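Notes for the one structure printed next.
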Amino acid sequence: MRNLLFLALTSALLTASALAETPIESSNETRFQLDFKVPDAALAAFLPPGFAPNAATTGAAKDCNLRIVFIDRVTINAPDNSAKGKGSNRLAYLVAPVKNPAGETVQIVIGGLTEDPGDAPGPFGNYLPAATHDMNWTTKSGGAAPIMETQDWVFSAASGERLEMHITYQRGAAAKRAVADTKFYSAKNPGFYQISRQEQALDILRNVTTTPEDHVKSFSFKGGGGSWAKLFDGSEKVLSWDNILWLNRTVLLP
């Protein structure tokens with residue numbers, strides 16, 4: 001009986017928590033994510049008081065203290081399923097794994113570059129409109145040869161911030177990840193966060209810790225400039241190259 005009462009109470013609490021969340025949009029996206037180790041002191045300058053770096057000590061994300069994510073938001077929909085804004089967008093943002101003042105494992109968005117001027121400064125208050133925003137993606141398939149893809153991304157702001165990636169890789173077998181919730185905080189307005197409820201298919205192309213079969217054929221990256229110069233001073237190291245073939249996401253406010 002006690003177990004039944006406990007389960008009923010837990011279910012009620014979870015239901016109440018879910019009802020308190022307000023969905024604001026949903027999206028279907030493709031992403032390419034680079035995991036970095038950047039200078040700790042440079043990263044610390046972006047973290048609000050009470051937030052602490054939380055780099056993993058094991059696994060595929062070992063030592064990663066900053067991620068750069070290049071995002072093609074293929075569709076963006078309002079809660080009533082109508083198109084939201086322009087209905088799609090391309091952007092790149094910088095996000096760090098941290099612990100918030102309550103000790104929770106969360107992510108914090110420290111900046112971004114967005115193709116859509118209407119998306120700046122964005123929900124986290126720190127997106128910059130991209131004066132340059134080029135994205136090219138090609139896929140080649142034929143015969144018994146593996147599928148080869150090339151992605152070229154160039155984003156830059158008038159104030160000098162820049163993110164540029166060029167990569168050619170062999171597409172592998174992606175693993176579908178279970179639906180998960182993650183809190184994304186704003187480095188500019190640390191009292192604000194969104195809940196990202198998402199599922200995805202992930203293909204890890206190269207990783208310095210878990211050393212899967214290396215599918216990266218060519219790669220180059222340039223980042224920094226403006227307020228990001230100290231993050232990318234030449235000592236940064238790429239730790240993981242992650243192709244996210246698809247990602248379905250619902251964004252909620254607590």
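For the structure tokens, the naming scheme is as follows: chains receive sequential letters (A, B, ...) according to their order of presentation, residues are indexed from 1 within each chain, and ligands are indexed from 1 in presentation order.
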
For stretch 88-182 of chain A against stretch 42-59 of chain A, with a cut-off of 9 Å and counting only C-alpha atoms, what is the closest atom pair and its distance in Å to one decimal for every residue that makes the cut, ordered by chain and number, as a tab-separated table?
residue	atom	partner	partner_atom	distance
A:Ala96	CA	A:Pro53	CA	7.5
A:Pro97	CA	A:Asn54	CA	5.4
A:Val98	CA	A:Asn54	CA	4.4
A:Lys99	CA	A:Ala52	CA	5.3
A:Asn100	CA	A:Phe51	CA	4.7
A:Pro101	CA	A:Gly50	CA	4.6
A:Ala102	CA	A:Gly50	CA	8.4
A:Gly103	CA	A:Phe51	CA	8.5
A:Thr105	CA	A:Asn54	CA	7.5
A:Val106	CA	A:Asn54	CA	8.7
A:Ile108	CA	A:Leu47	CA	8.2
A:Ile110	CA	A:Phe46	CA	6.5

Written selection (N, CA and C atoms) as a PDB file, in the first residue's frame:
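Result file is again-v4.pdb:
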ATOM      1  N   ALA A  96      28.253  25.961 -22.946  1.00  0.00           N
ATOM      2  CA  ALA A  96      29.185  25.307 -22.032  1.00  0.00           C
ATOM      3  C   ALA A  96      28.449  24.423 -21.040  1.00  0.00           C
ATOM      4  N   PRO A  97      28.989  23.226 -20.757  1.00  0.00           N
ATOM      5  CA  PRO A  97      28.421  22.386 -19.694  1.00  0.00           C
ATOM      6  C   PRO A  97      28.831  22.944 -18.334  1.00  0.00           C
ATOM      7  N   VAL A  98      27.857  23.223 -17.491  1.00  0.00           N
ATOM      8  CA  VAL A  98      28.132  23.857 -16.193  1.00  0.00           C
ATOM      9  C   VAL A  98      27.215  23.274 -15.123  1.00  0.00           C
ATOM     10  N   LYS A  99      27.469  23.699 -13.885  1.00  0.00           N
ATOM     11  CA  LYS A  99      26.517  23.493 -12.797  1.00  0.00           C
ATOM     12  C   LYS A  99      25.978  24.852 -12.387  1.00  0.00           C
ATOM     13  N   ASN A 100      24.652  24.913 -12.214  1.00  0.00           N
ATOM     14  CA  ASN A 100      24.044  26.179 -11.818  1.00  0.00           C
ATOM     15  C   ASN A 100      24.193  26.379 -10.308  1.00  0.00           C
ATOM     16  N   PRO A 101      23.761  27.523  -9.774  1.00  0.00           N
ATOM     17  CA  PRO A 101      23.941  27.758  -8.334  1.00  0.00           C
ATOM     18  C   PRO A 101      23.301  26.707  -7.433  1.00  0.00           C
ATOM     19  N   ALA A 102      22.286  25.983  -7.964  1.00  0.00           N
ATOM     20  CA  ALA A 102      21.647  24.929  -7.179  1.00  0.00           C
ATOM     21  C   ALA A 102      22.385  23.601  -7.279  1.00  0.00           C
ATOM     22  N   GLY A 103      23.468  23.570  -8.085  1.00  0.00           N
ATOM     23  CA  GLY A 103      24.242  22.346  -8.240  1.00  0.00           C
ATOM     24  C   GLY A 103      23.736  21.425  -9.329  1.00  0.00           C
ATOM     25  N   THR A 105      23.229  19.924 -13.098  1.00  0.00           N
ATOM     26  CA  THR A 105      23.997  19.822 -14.335  1.00  0.00           C
ATOM     27  C   THR A 105      23.164  20.415 -15.469  1.00  0.00           C
ATOM     28  N   VAL A 106      23.645  21.513 -16.044  1.00  0.00           N
ATOM     29  CA  VAL A 106      22.895  22.251 -17.063  1.00  0.00           C
ATOM     30  C   VAL A 106      23.867  22.715 -18.141  1.00  0.00           C
ATOM     31  N   ILE A 108      24.927  26.341 -20.466  1.00  0.00           N
ATOM     32  CA  ILE A 108      24.775  27.796 -20.483  1.00  0.00           C
ATOM     33  C   ILE A 108      25.220  28.329 -21.844  1.00  0.00           C
ATOM     34  N   ILE A 110      26.628  31.079 -24.108  1.00  0.00           N
ATOM     35  CA  ILE A 110      27.449  32.271 -23.894  1.00  0.00           C
ATOM     36  C   ILE A 110      27.514  33.174 -25.116  1.00  0.00           C
TER      37      ILE A 110
END

Tell me, as JSON, numbers by chain, which residues lie within 9 Å of stretch 190-206 of chain A, counting only C-alpha atoms; anything in the same chain fewer than 2 positions away does not count.
{"A": [21, 47, 48, 49, 51, 60, 108, 123, 124, 169, 170, 171, 172, 173, 174, 175, 176, 177, 178, 179, 180, 181, 182, 183, 184, 185, 186, 187, 188, 208, 210, 211, 212, 213, 214, 215, 216, 239, 240, 241, 242, 243, 244, 245, 246, 247, 248, 249, 250, 251, 252, 253, 254]}

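Between atom CA of A:Glu115 and atom CA of A:Asp40 the separation is 29.0 Å.
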
If we count only C-alpha atoms, what is near A:Phe70 at a cut-off of 8 Å, once residues fewer than 2 positions away on the same chain are taken out, given as a list in words?
Arg31, Phe32, Gln33, Ile68, Asp72, Arg90, Leu91, Ala92, Tyr93 and Trp153 of chain A

For those residues, write N, CA, C and O atoms to a file as an mmCIF file, in the first residue's frame.
data_model
loop_
_atom_site.group_PDB
_atom_site.id
_atom_site.type_symbol
_atom_site.label_atom_id
_atom_site.label_comp_id
_atom_site.auth_asym_id
_atom_site.auth_seq_id
_atom_site.Cartn_x
_atom_site.Cartn_y
_atom_site.Cartn_z
ATOM 1 N N ARG A 31 22.263 19.297 -37.092
ATOM 2 C CA ARG A 31 23.311 20.012 -36.369
ATOM 3 C C ARG A 31 24.666 19.357 -36.610
ATOM 4 O O ARG A 31 24.756 18.163 -36.876
ATOM 5 N N PHE A 32 25.701 20.169 -36.502
ATOM 6 C CA PHE A 32 27.061 19.627 -36.404
ATOM 7 C C PHE A 32 27.687 20.252 -35.172
ATOM 8 O O PHE A 32 27.715 21.476 -35.026
ATOM 9 N N GLN A 33 28.184 19.395 -34.280
ATOM 10 C CA GLN A 33 28.693 19.847 -32.986
ATOM 11 C C GLN A 33 30.179 19.531 -32.842
ATOM 12 O O GLN A 33 30.615 18.411 -33.110
ATOM 13 N N ILE A 68 30.670 24.202 -29.780
ATOM 14 C CA ILE A 68 30.169 25.056 -30.850
ATOM 15 C C ILE A 68 29.226 24.196 -31.675
ATOM 16 O O ILE A 68 29.600 23.101 -32.134
ATOM 17 N N ASP A 72 21.061 24.011 -38.530
ATOM 18 C CA ASP A 72 20.084 24.320 -39.569
ATOM 19 C C ASP A 72 18.706 24.011 -38.996
ATOM 20 O O ASP A 72 18.325 22.850 -38.872
ATOM 21 N N ARG A 90 19.255 29.566 -39.796
ATOM 22 C CA ARG A 90 20.564 28.984 -39.608
ATOM 23 C C ARG A 90 21.307 29.812 -38.562
ATOM 24 O O ARG A 90 21.279 31.048 -38.598
ATOM 25 N N LEU A 91 21.983 29.138 -37.647
ATOM 26 C CA LEU A 91 22.750 29.836 -36.625
ATOM 27 C C LEU A 91 23.854 28.936 -36.101
ATOM 28 O O LEU A 91 23.881 27.729 -36.377
ATOM 29 N N ALA A 92 24.764 29.544 -35.354
ATOM 30 C CA ALA A 92 25.788 28.797 -34.631
ATOM 31 C C ALA A 92 25.903 29.410 -33.253
ATOM 32 O O ALA A 92 25.866 30.639 -33.110
ATOM 33 N N TYR A 93 25.995 28.555 -32.218
ATOM 34 C CA TYR A 93 26.135 29.128 -30.886
ATOM 35 C C TYR A 93 27.175 28.399 -30.064
ATOM 36 O O TYR A 93 27.606 27.297 -30.394
ATOM 37 N N TRP A 153 30.501 26.031 -43.272
ATOM 38 C CA TRP A 153 29.768 27.053 -42.526
ATOM 39 C C TRP A 153 30.688 28.249 -42.294
ATOM 40 O O TRP A 153 31.821 28.082 -41.839
#

As a check of understanding: the span from atom CA of A:Ser27 to atom CA of A:Val74 is 7.4 Å

Residues within 12 Å of A:Phe232, please, as a CSV table (one decimal) with C-alpha atoms, in the first residue's frame. Count only C-alpha atoms; anything in the same chain fewer than 4 positions from it doesn't count.
chain,number,residue,atom,x,y,z
A,36,PHE,CA,36.4,21.9,-27.4
A,37,LYS,CA,38.8,22.3,-24.6
A,38,VAL,CA,39.4,26.1,-24.4
A,39,PRO,CA,41.4,28.1,-21.8
A,40,ASP,CA,39.7,27.8,-18.5
A,41,ALA,CA,40.3,31.4,-17.6
A,42,ALA,CA,38.8,32.7,-20.8
A,43,LEU,CA,35.7,30.6,-20.3
A,66,LEU,CA,32.8,24.4,-24.6
A,68,ILE,CA,30.2,25.1,-30.9
A,94,LEU,CA,28.6,28.6,-28.1
A,161,GLU,CA,33.2,37.5,-33.8
A,162,ARG,CA,33.6,34.6,-36.3
A,163,LEU,CA,32.9,30.9,-36.5
A,221,PHE,CA,38.0,25.5,-38.1
A,222,LYS,CA,38.5,29.2,-37.4
A,223,GLY,CA,36.9,30.9,-34.4
A,224,GLY,CA,37.3,34.0,-32.3
A,225,GLY,CA,37.5,37.7,-32.9
A,226,GLY,CA,35.7,40.4,-31.0
A,227,SER,CA,34.5,39.3,-27.6
A,228,TRP,CA,35.5,35.7,-28.3
A,236,GLU,CA,42.0,25.4,-28.0
A,237,LYS,CA,41.7,21.7,-28.9
A,238,VAL,CA,38.9,19.9,-30.7

So what do you get for atom CA of A:Val69 versus atom CA of A:Pro146, distance-wise?
25.1 Å

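Among A:Ala83, A:Ala78, A:Ile167, A:Ile71, the residue with the shortest atom-to-atom distance to A:His133, counting only C-alpha atoms, is A:Ile71.
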